[in-house]
Each structure stands twice: as C-alpha cells, then as structure tokens.
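Engineer: Input model_20.pdb, format and content: PDB, C-alpha atoms (C1' of nucleotides).
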MODEL        1
ATOM      1  CA  MET T   1     -31.568 171.938 -61.297
ATOM      2  CA  ILE T   2     -35.132 172.362 -60.099
ATOM      3  CA  THR T   3     -37.286 175.393 -59.394
ATOM      4  CA  ALA T   4     -37.849 176.749 -55.902
ATOM      5  CA  GLU T   5     -41.524 175.815 -55.959
ATOM      6  CA  HIS T   6     -40.754 172.328 -57.117
ATOM      7  CA  PHE T   7     -38.110 171.941 -54.435
ATOM      8  CA  LEU T   8     -40.556 173.024 -51.727
ATOM      9  CA  SER T   9     -43.225 170.705 -53.052
ATOM     10  CA  VAL T  10     -41.041 167.572 -53.012
ATOM     11  CA  ALA T  11     -38.979 168.341 -49.878
ATOM     12  CA  PHE T  12     -41.078 169.294 -46.860
ATOM     13  CA  TRP T  13     -37.875 170.003 -44.914
ATOM     14  CA  ALA T  14     -36.725 172.640 -47.428
ATOM     15  CA  GLY T  15     -38.859 175.158 -45.550
ATOM     16  CA  GLU T  16     -36.560 174.791 -42.560
ATOM     17  CA  LEU T  17     -33.527 175.972 -44.519
ATOM     18  CA  ALA T  18     -32.186 179.522 -44.355
ATOM     19  CA  PRO T  19     -32.212 181.340 -47.735
ATOM     20  CA  GLU T  20     -28.567 180.596 -48.604
ATOM     21  CA  ALA T  21     -28.859 176.925 -47.690
ATOM     22  CA  PHE T  22     -32.130 176.654 -49.572
ATOM     23  CA  GLU T  23     -30.508 178.054 -52.702
ATOM     24  CA  ARG T  24     -27.446 175.787 -52.447
ATOM     25  CA  ALA T  25     -29.656 172.750 -51.932
ATOM     26  CA  ARG T  26     -31.855 173.653 -54.884
ATOM     27  CA  ARG T  27     -28.867 174.055 -57.219
ATOM     28  CA  GLY T  28     -27.470 170.705 -56.124
ATOM     29  CA  ILE T  29     -30.565 168.746 -57.102
ATOM     30  CA  VAL T  30     -31.451 167.136 -60.422
ATOM     31  CA  GLU T  31     -34.522 165.178 -61.412
ATOM     32  CA  ARG T  32     -34.652 161.799 -63.140
ATOM     33  CA  SER T  33     -37.340 159.296 -64.128
ATOM     34  CA  PHE T  34     -37.390 155.533 -63.734
ATOM     35  CA  ALA T  35     -39.809 153.059 -65.304
ATOM     36  CA  LYS T  36     -41.747 150.540 -63.279
ATOM     37  CA  GLY T  37     -39.518 147.607 -62.360
ATOM     38  CA  ALA T  38     -36.261 149.506 -62.942
ATOM     39  CA  TYR T  39     -33.456 149.334 -60.387
ATOM     40  CA  LEU T  40     -32.423 152.759 -59.108
ATOM     41  CA  TRP T  41     -29.244 151.064 -57.994
ATOM     42  CA  HIS T  42     -27.949 147.699 -56.852
ATOM     43  CA  ARG T  43     -26.232 146.689 -53.678
ATOM     44  CA  GLY T  44     -22.541 147.473 -54.057
ATOM     45  CA  ASP T  45     -23.047 150.412 -56.432
ATOM     46  CA  ARG T  46     -21.312 153.698 -55.838
ATOM     47  CA  PHE T  47     -24.117 156.163 -56.240
ATOM     48  CA  ASP T  48     -23.194 159.604 -55.039
ATOM     49  CA  HIS T  49     -26.590 161.168 -54.505
ATOM     50  CA  TRP T  50     -29.023 161.592 -51.697
ATOM     51  CA  THR T  51     -32.459 160.834 -53.051
ATOM     52  CA  GLY T  52     -36.047 161.977 -52.706
ATOM     53  CA  VAL T  53     -39.155 160.473 -54.300
ATOM     54  CA  ALA T  54     -40.816 163.319 -56.213
ATOM     55  CA  ASP T  55     -43.573 161.044 -57.446
ATOM     56  CA  GLY T  56     -43.824 157.264 -57.217
ATOM     57  CA  LEU T  57     -43.125 154.294 -55.017
ATOM     58  CA  VAL T  58     -39.839 152.571 -54.302
ATOM     59  CA  LYS T  59     -38.741 149.425 -52.469
ATOM     60  CA  VAL T  60     -35.512 149.104 -50.463
ATOM     61  CA  ALA T  61     -34.534 145.444 -50.262
ATOM     62  CA  THR T  62     -31.793 142.865 -50.387
ATOM     63  CA  VAL T  63     -31.370 139.132 -50.855
ATOM     64  CA  SER T  64     -29.534 137.174 -48.156
ATOM     65  CA  LYS T  65     -26.760 134.679 -48.901
ATOM     66  CA  THR T  66     -29.327 131.887 -48.706
ATOM     67  CA  GLY T  67     -31.347 133.607 -51.431
ATOM     68  CA  LYS T  68     -34.122 134.863 -49.200
ATOM     69  CA  ALA T  69     -35.646 138.202 -50.222
ATOM     70  CA  MET T  70     -35.882 140.806 -47.499
ATOM     71  CA  THR T  71     -37.618 144.156 -47.792
ATOM     72  CA  PHE T  72     -36.416 146.881 -45.456
ATOM     73  CA  ALA T  73     -38.665 149.725 -46.380
ATOM     74  CA  GLY T  74     -41.004 151.212 -48.910
ATOM     75  CA  ILE T  75     -40.555 154.878 -49.759
ATOM     76  CA  ARG T  76     -43.456 156.866 -51.146
ATOM     77  CA  THR T  77     -43.818 160.313 -52.680
ATOM     78  CA  GLY T  78     -42.207 162.869 -50.386
ATOM     79  CA  GLY T  79     -39.756 160.436 -48.782
ATOM     80  CA  TRP T  80     -35.973 160.966 -48.738
ATOM     81  CA  PHE T  81     -33.467 158.175 -48.289
ATOM     82  CA  GLY T  82     -29.915 156.964 -48.857
ATOM     83  CA  GLU T  83     -28.253 159.301 -46.347
ATOM     84  CA  GLY T  84     -26.448 156.323 -44.778
ATOM     85  CA  SER T  85     -24.263 155.679 -47.811
ATOM     86  CA  ILE T  86     -23.537 159.383 -48.255
ATOM     87  CA  LEU T  87     -22.644 159.949 -44.597
ATOM     88  CA  LYS T  88     -20.294 156.985 -44.513
ATOM     89  CA  ASP T  89     -19.064 157.460 -48.084
ATOM     90  CA  GLU T  90     -19.492 153.772 -48.834
ATOM     91  CA  PRO T  91     -21.183 151.636 -51.509
ATOM     92  CA  ARG T  92     -24.928 151.046 -51.351
ATOM     93  CA  GLN T  93     -25.939 148.301 -48.956
ATOM     94  CA  TYR T  94     -29.296 147.551 -50.560
ATOM     95  CA  ASP T  95     -31.081 147.198 -53.841
ATOM     96  CA  VAL T  96     -33.655 149.852 -54.628
ATOM     97  CA  VAL T  97     -36.428 149.134 -57.149
ATOM     98  CA  ALA T  98     -39.179 151.326 -58.596
ATOM     99  CA  LEU T  99     -42.505 149.562 -57.986
ATOM    100  CA  ARG T 100     -44.243 151.924 -60.415
ATOM    101  CA  ASP T 101     -43.110 154.684 -62.780
ATOM    102  CA  THR T 102     -41.207 157.012 -60.503
ATOM    103  CA  ARG T 103     -39.575 160.447 -60.630
ATOM    104  CA  LEU T 104     -36.633 161.028 -58.306
ATOM    105  CA  VAL T 105     -34.905 164.187 -57.151
ATOM    106  CA  MET T 106     -31.238 163.606 -56.451
ATOM    107  CA  MET T 107     -28.858 165.803 -54.465
ATOM    108  CA  ASN T 108     -25.132 165.522 -55.178
ATOM    109  CA  ARG T 109     -22.788 164.578 -52.372
ATOM    110  CA  ALA T 110     -20.944 167.906 -52.179
ATOM    111  CA  THR T 111     -24.226 169.734 -51.596
ATOM    112  CA  PHE T 112     -25.321 167.232 -48.974
ATOM    113  CA  VAL T 113     -22.021 167.610 -47.106
ATOM    114  CA  TRP T 114     -22.199 171.392 -47.336
ATOM    115  CA  LEU T 115     -25.673 171.371 -45.789
ATOM    116  CA  LEU T 116     -24.440 169.086 -43.062
ATOM    117  CA  ASP T 117     -21.655 171.539 -42.250
ATOM    118  CA  HIS T 118     -23.649 174.759 -42.515
ATOM    119  CA  SER T 119     -27.352 174.275 -41.920
ATOM    120  CA  VAL T 120     -28.868 173.741 -38.497
ATOM    121  CA  GLY T 121     -32.293 173.230 -40.038
ATOM    122  CA  PHE T 122     -30.986 170.470 -42.265
ATOM    123  CA  ASN T 123     -29.301 168.721 -39.354
ATOM    124  CA  ARG T 124     -32.453 168.878 -37.274
ATOM    125  CA  PHE T 125     -34.362 167.251 -40.095
ATOM    126  CA  LEU T 126     -31.733 164.530 -40.548
ATOM    127  CA  VAL T 127     -31.633 163.656 -36.854
ATOM    128  CA  ARG T 128     -35.405 163.399 -36.736
ATOM    129  CA  GLN T 129     -35.467 161.172 -39.788
ATOM    130  CA  LEU T 130     -32.608 158.910 -38.630
ATOM    131  CA  ASN T 131     -34.234 158.525 -35.224
ATOM    132  CA  GLU T 132     -37.531 157.564 -36.780
ATOM    133  CA  ARG T 133     -35.872 155.043 -39.085
ATOM    134  CA  LEU T 134     -34.065 153.505 -36.115
ATOM    135  CA  GLY T 135     -37.420 152.803 -34.517
ATOM    136  CA  GLN T 136     -38.655 151.152 -37.695
ATOM    137  CA  PHE T 137     -35.607 148.945 -38.008
ATOM    138  CA  MET T 138     -35.924 147.792 -34.426
ATOM    139  CA  ALA T 139     -39.479 146.743 -35.205
ATOM    140  CA  LEU T 140     -38.105 144.759 -38.173
ATOM    141  CA  VAL T 141     -36.322 142.340 -35.864
ATOM    142  CA  GLU T 142     -39.492 140.538 -34.840
ATOM    143  CA  TYR T 143     -41.209 141.171 -38.154
ATOM    144  CA  ASP T 144     -40.258 138.016 -40.036
ATOM    145  CA  ARG T 145     -40.418 135.384 -37.324
ATOM    146  CA  THR T 146     -43.331 136.337 -35.167
ATOM    147  CA  LEU T 147     -45.819 138.310 -37.213
ATOM    148  CA  ASP T 148     -48.617 136.932 -39.384
ATOM    149  CA  ALA T 149     -49.568 138.344 -42.767
ATOM    150  CA  PRO T 150     -52.054 141.021 -41.577
ATOM    151  CA  ALA T 151     -49.600 142.264 -38.951
ATOM    152  CA  ARG T 152     -46.767 142.495 -41.465
ATOM    153  CA  LEU T 153     -48.930 144.332 -43.927
ATOM    154  CA  ALA T 154     -50.194 146.648 -41.178
ATOM    155  CA  ARG T 155     -46.669 147.598 -40.160
ATOM    156  CA  THR T 156     -45.543 148.085 -43.728
ATOM    157  CA  LEU T 157     -48.470 150.454 -44.172
ATOM    158  CA  GLY T 158     -47.696 152.102 -40.852
ATOM    159  CA  TRP T 159     -44.245 153.071 -42.123
ATOM    160  CA  LEU T 160     -45.811 154.638 -45.202
ATOM    161  CA  PHE T 161     -48.062 156.733 -42.988
ATOM    162  CA  ASP T 162     -45.262 157.735 -40.607
ATOM    163  CA  PRO T 163     -45.957 161.368 -39.655
ATOM    164  CA  VAL T 164     -42.265 162.162 -39.112
ATOM    165  CA  LEU T 165     -41.169 160.808 -42.496
ATOM    166  CA  TYR T 166     -44.254 162.097 -44.331
ATOM    167  CA  PRO T 167     -45.597 165.100 -42.409
ATOM    168  CA  ARG T 168     -47.847 166.232 -45.262
ATOM    169  CA  ALA T 169     -49.076 162.836 -46.340
ATOM    170  CA  GLY T 170     -52.636 162.819 -45.020
ATOM    171  CA  SER T 171     -54.554 159.623 -44.415
ATOM    172  CA  VAL T 172     -55.046 158.366 -47.977
ATOM    173  CA  LEU T 173     -52.356 156.434 -49.828
ATOM    174  CA  GLU T 174     -52.703 155.520 -53.483
ATOM    175  CA  ILE T 175     -51.308 152.022 -53.661
ATOM    176  CA  THR T 176     -52.499 148.808 -55.279
ATOM    177  CA  GLN T 177     -52.758 145.569 -53.379
ATOM    178  CA  GLU T 178     -50.165 144.118 -55.715
ATOM    179  CA  GLU T 179     -47.696 146.868 -54.744
ATOM    180  CA  LEU T 180     -48.481 146.264 -51.087
ATOM    181  CA  GLY T 181     -47.748 142.581 -51.594
ATOM    182  CA  LEU T 182     -44.413 143.412 -53.225
ATOM    183  CA  LEU T 183     -43.517 145.600 -50.259
ATOM    184  CA  CYS T 184     -44.274 143.105 -47.511
ATOM    185  CA  GLY T 185     -43.462 139.865 -49.294
ATOM    186  CA  LEU T 186     -46.999 138.613 -49.850
ATOM    187  CA  SER T 187     -48.800 137.460 -52.948
ATOM    188  CA  ARG T 188     -51.620 139.598 -54.280
ATOM    189  CA  GLN T 189     -54.249 137.266 -52.794
ATOM    190  CA  SER T 190     -52.629 137.287 -49.380
ATOM    191  CA  ALA T 191     -52.298 141.058 -49.454
ATOM    192  CA  ASN T 192     -55.968 141.292 -50.432
ATOM    193  CA  GLU T 193     -56.974 139.014 -47.587
ATOM    194  CA  ALA T 194     -54.804 140.810 -45.045
ATOM    195  CA  VAL T 195     -56.151 144.181 -46.064
ATOM    196  CA  LYS T 196     -59.708 142.968 -45.509
ATOM    197  CA  VAL T 197     -58.846 141.602 -42.072
ATOM    198  CA  LEU T 198     -57.513 145.019 -41.122
ATOM    199  CA  GLU T 199     -60.583 146.724 -42.553
ATOM    200  CA  ARG T 200     -62.837 144.526 -40.413
ATOM    201  CA  LYS T 201     -60.850 145.603 -37.378
ATOM    202  CA  GLY T 202     -61.564 149.204 -38.272
ATOM    203  CA  ILE T 203     -58.021 150.498 -38.621
ATOM    204  CA  LEU T 204     -58.155 151.172 -42.340
ATOM    205  CA  ARG T 205     -60.535 151.476 -45.265
ATOM    206  CA  VAL T 206     -59.973 149.765 -48.618
ATOM    207  CA  GLU T 207     -60.746 151.603 -51.859
ATOM    208  CA  HIS T 208     -59.898 151.103 -55.534
ATOM    209  CA  GLY T 209     -56.138 151.413 -55.714
ATOM    210  CA  ALA T 210     -55.980 153.201 -52.388
ATOM    211  CA  ILE T 211     -55.885 152.682 -48.648
ATOM    212  CA  THR T 212     -57.201 155.120 -46.054
ATOM    213  CA  ALA T 213     -55.547 154.867 -42.657
ATOM    214  CA  LEU T 214     -58.131 155.400 -39.938
ATOM    215  CA  ASP T 215     -55.600 154.857 -37.182
ATOM    216  CA  PRO T 216     -51.955 155.222 -38.348
ATOM    217  CA  LEU T 217     -50.516 154.577 -34.892
ATOM    218  CA  ARG T 218     -52.319 151.278 -34.540
ATOM    219  CA  LEU T 219     -51.032 150.272 -37.964
ATOM    220  CA  GLN T 220     -47.405 150.659 -36.891
ATOM    221  CA  ARG T 221     -47.891 148.773 -33.644
ATOM    222  CA  PHE T 222     -50.240 146.109 -34.938
ATOM    223  CA  GLY T 223     -49.559 142.618 -33.591
ATOM    224  CA  GLU T 224     -47.649 143.842 -30.552
TER     225      GLU T 224
ATOM    226  C1'  DC Z   1     -51.051 117.229 -45.328
ATOM    227  C1'  DC Z   2     -51.737 121.974 -45.065
ATOM    228  C1'  DA Z   3     -50.787 126.518 -46.549
ATOM    229  C1'  DT Z   4     -49.441 129.526 -49.934
ATOM    230  C1'  DT Z   5     -49.104 131.070 -54.577
ATOM    231  C1'  DA Z   6     -49.267 131.590 -59.594
ATOM    232  C1'  DA Z   7     -52.372 131.656 -63.258
ATOM    233  C1'  DA Z   8     -56.638 132.372 -65.162
ATOM    234  C1'  DC Z   9     -60.982 134.399 -65.276
ATOM    235  C1'  DA Z  10     -64.934 137.485 -64.596
ATOM    236  C1'  DC Z  11     -66.416 141.818 -62.660
ATOM    237  C1'  DC Z  12     -66.182 146.876 -62.012
ATOM    238  C1'  DC Z  13     -64.212 151.248 -61.301
TER     239       DC Z  13
ATOM    240  C1'  DG N   1     -57.264 148.976 -69.178
ATOM    241  C1'  DG N   2     -55.968 148.406 -64.708
ATOM    242  C1'  DG N   3     -57.336 146.880 -60.166
ATOM    243  C1'  DT N   4     -59.932 143.620 -57.603
ATOM    244  C1'  DG N   5     -62.342 139.297 -56.042
ATOM    245  C1'  DT N   6     -62.425 134.244 -56.728
ATOM    246  C1'  DT N   7     -61.456 129.742 -58.358
ATOM    247  C1'  DT N   8     -58.295 126.143 -59.528
ATOM    248  C1'  DA N   9     -54.065 123.793 -60.123
ATOM    249  C1'  DA N  10     -49.337 123.660 -58.788
ATOM    250  C1'  DT N  11     -45.904 124.091 -55.358
ATOM    251  C1'  DG N  12     -43.368 123.630 -51.173
ATOM    252  C1'  DG N  13     -42.668 123.249 -46.248
TER     253       DG N  13
ENDMDL
END
Let me see the file written as structure tokens.

Structural biologist:
Amino acid sequence: MITAEHFLSVAFWAGELAPEAFERARRGIVERSFAKGAYLWHRGDRFDHWTGVADGLVKVATVSKTGKAMTFAGIRTGGWFGEGSILKDEPRQYDVVALRDTRLVMMNRATFVWLLDHSVGFNRFLVRQLNERLGQFMALVEYDRTLDAPARLARTLGWLFDPVLYPRAGSVLEITQEELGLLCGLSRQSANEAVKVLERKGILRVEHGAITALDPLRLQRFGE
DNA sequence: CCATTAAACACCC
DNA sequence: GGGTGTTTAATGG
C-alpha cells in the first residue's frame, strides 16, 4: 500500500477521485522496483495489475513472427498503462522492458474493476487516455514504412510529451540518446544525428541526458 | 554499392 | 562514471 501523498504524486488522475474511491484505489496499489533491462512481463503472461510508472522509463514492444522488433510505445514517469489486458481479462499482448532502473506502482484487478463500476472521475480519465492512445496507434500505421529517422524519433518524443497522458510533465525530459534509440529502433549514432536535425529545425533543444521540447505539437506531427 | 551499425576511443558534463 | 561526438571496420539490404 502507498501513502496518499505518494499516490497523488504518481497518479495525476487521483485528484479526480471522490474520497471513497481515492481511498480504495490507494489501498489497492503496491510498489515494486525493476532493474534496467528487466522484463516487467512477457507477451502471453497473466499479470493481473494495472500499472503506473512512479519513476523510470519503460518500453512496450513485441517481435513479429518474422523476428522483426516493433516498439509500440515508451512510457515515462507519470504514465499508466496495461488497462487493455485488465479490461478484457486476457493475457498480455506485448513485452514490457525497463530501459533504466524503474519503480512501478501496481493496482490489483479487483480495485481497478471497482473503480470502473463506481467512479465517474476514473472513467473520465480512462476514456481520455484510451482516446489519446488510439490517436497514437493510428499514427503508428505509417510510422515504419514512410517515415525517416528524424521523423520517427520526433514522433516517439511527441508521445512522451503528450499533454493528455502526461499533464504535469513540462517541456524537459530526462532521457539519454541511447534510450531514445532503443525506443524508436535506431542506433545511438542515428538517434544522435536525428536529434541534431530536429534541433536545427528549432523544435527541440538537446542537453546532457535531456531533451527540451520547444514545440510538442510539431513533434507529434513531424513528417506529415 | 550504399547505408546503417557495432565497437572503440577521446572529450566533457 | 556516464553521456556524447566521431572514427573505423563490419554488416546487410
């Protein structure tokens, strides 16, 4: 179980819950740490928790039958994910890997279902999040075939600066170019090159181990 | 061939 | 020490 302050600090949507729902949610959450490189779960696992990133960075990916790696999303501190498997009560569809040392907060299924049945605030949050994700996945369709390296990196970054998914995130993201490469399927050199192209275009600023988004909206739509 | 990447190295926060 | 910029050799489409 986690404290009320901690809950509020890792779940921006917790503020939308009525007192009873807030308390139920808090009691249904436990925290757990994962080392860099560790799998939070594999495709096919039964993992009965809805999950938030309290601190860290995580990659949601799969490998196709032909062996091709495919990244669906990166989740940074403050992000919540995995509601699909809980809602449908089915095994995980994707692998999830910690790209750096990461602390997770995990809500058990019974609590999630109770919130779904009793909390309007929780449902509003979920609908908003699912709708936003839908938009991202539609953008993924053209991602692989038609976009060059800078455009792919820009969009990957755009998701990490999504104001609906990360309303308190601000414009600075602590991320290394190696981690960025892992997220969008580029080598470190290519990620470095792509990031400099985008800096020259004035839509972001590169710092040591961090990226500042000067224009988050243009990041998401880059290459359109 | 050309493009990309892994590996190795030297800087610098 | 970890992250970054660059070179070089290997790799693969």

Engineer: Counting all atoms listed in the file, give me one row per residue of chain Z with an atom at most 9 Å from an atom of chain T, showing the shortest contact pair and its distance in Å to one decimal, sorted by chain then residue number, as a Markdown table.

Structural biologist:
| residue | atom | partner | partner_atom | distance |
| --- | --- | --- | --- | --- |
| Z:DT4 | C1' | T:Ser190 | CA | 8.4 |
| Z:DT5 | C1' | T:Ser187 | CA | 6.6 |
| Z:DA6 | C1' | T:Ser187 | CA | 8.9 |
| Z:DC13 | C1' | T:His208 | CA | 7.2 |

Engineer: Could you dump the residues just selected with C-alpha atoms (C1' of nucleotides) as a PDB file, in the frame of the given file?

Structural biologist:
ATOM      1  C1'  DT Z   4     -49.441 129.526 -49.934  1.00  0.00           C
ATOM      2  C1'  DT Z   5     -49.104 131.070 -54.577  1.00  0.00           C
ATOM      3  C1'  DA Z   6     -49.267 131.590 -59.594  1.00  0.00           C
ATOM      4  C1'  DC Z  13     -64.212 151.248 -61.301  1.00  0.00           C
TER       5       DC Z  13
END

Engineer: Counting all atoms listed in the file, a student should be able to say which residues of chain T come within 12 Å of chain N; what is the right answer, written as an MDAnalysis selection string?

Structural biologist: chainID T and resid 174:179 188:193 196 206:210

Engineer: Would you mind reading off the distance between CA of Ala18 in chain T and CA of Phe122 in chain T, one decimal, in Å?

Structural biologist: 9.4 Å

Engineer: Using the chain letters and numbering of this document, enumerate as a JSON list (two decimals) with C-alpha atoms, keeping the file's coordinate frame the residues selected by the PyMOL selection byres ((chain T and resi 41) around 8).

Structural biologist:
[["chain", "number", "residue", "atom", "x", "y", "z"],
["T", 39, "TYR", "CA", -33.46, 149.33, -60.39],
["T", 40, "LEU", "CA", -32.42, 152.76, -59.11],
["T", 42, "HIS", "CA", -27.95, 147.70, -56.85],
["T", 43, "ARG", "CA", -26.23, 146.69, -53.68],
["T", 45, "ASP", "CA", -23.05, 150.41, -56.43],
["T", 47, "PHE", "CA", -24.12, 156.16, -56.24],
["T", 92, "ARG", "CA", -24.93, 151.05, -51.35],
["T", 95, "ASP", "CA", -31.08, 147.20, -53.84],
["T", 96, "VAL", "CA", -33.66, 149.85, -54.63],
["T", 97, "VAL", "CA", -36.43, 149.13, -57.15]]

Engineer: Would you kindly translate the PyMOL selection byres ((chain T and resi 11) around 12) into the concrete residues it picks from this file, as a PyMOL selection string?

Structural biologist: chain T and resi 2-10+12-17+22+25-26+29+51-55+77-81+104-107+122+125+165-168

Engineer: Take the residues from that selection and put them in a file with C-alpha atoms, as a short mmCIF file (atom, residue, chain, number, x, y, z; two decimals), keeping the file's coordinate frame.

Structural biologist:
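Just written: part39.cif:
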data_model
loop_
_atom_site.label_atom_id
_atom_site.label_comp_id
_atom_site.auth_asym_id
_atom_site.auth_seq_id
_atom_site.Cartn_x
_atom_site.Cartn_y
_atom_site.Cartn_z
CA ILE T 2 -35.13 172.36 -60.10
CA THR T 3 -37.29 175.39 -59.39
CA ALA T 4 -37.85 176.75 -55.90
CA GLU T 5 -41.52 175.82 -55.96
CA HIS T 6 -40.75 172.33 -57.12
CA PHE T 7 -38.11 171.94 -54.44
CA LEU T 8 -40.56 173.02 -51.73
CA SER T 9 -43.22 170.70 -53.05
CA VAL T 10 -41.04 167.57 -53.01
CA PHE T 12 -41.08 169.29 -46.86
CA TRP T 13 -37.88 170.00 -44.91
CA ALA T 14 -36.72 172.64 -47.43
CA GLY T 15 -38.86 175.16 -45.55
CA GLU T 16 -36.56 174.79 -42.56
CA LEU T 17 -33.53 175.97 -44.52
CA PHE T 22 -32.13 176.65 -49.57
CA ALA T 25 -29.66 172.75 -51.93
CA ARG T 26 -31.86 173.65 -54.88
CA ILE T 29 -30.56 168.75 -57.10
CA THR T 51 -32.46 160.83 -53.05
CA GLY T 52 -36.05 161.98 -52.71
CA VAL T 53 -39.16 160.47 -54.30
CA ALA T 54 -40.82 163.32 -56.21
CA ASP T 55 -43.57 161.04 -57.45
CA THR T 77 -43.82 160.31 -52.68
CA GLY T 78 -42.21 162.87 -50.39
CA GLY T 79 -39.76 160.44 -48.78
CA TRP T 80 -35.97 160.97 -48.74
CA PHE T 81 -33.47 158.18 -48.29
CA LEU T 104 -36.63 161.03 -58.31
CA VAL T 105 -34.90 164.19 -57.15
CA MET T 106 -31.24 163.61 -56.45
CA MET T 107 -28.86 165.80 -54.46
CA PHE T 122 -30.99 170.47 -42.26
CA PHE T 125 -34.36 167.25 -40.10
CA LEU T 165 -41.17 160.81 -42.50
CA TYR T 166 -44.25 162.10 -44.33
CA PRO T 167 -45.60 165.10 -42.41
CA ARG T 168 -47.85 166.23 -45.26
#
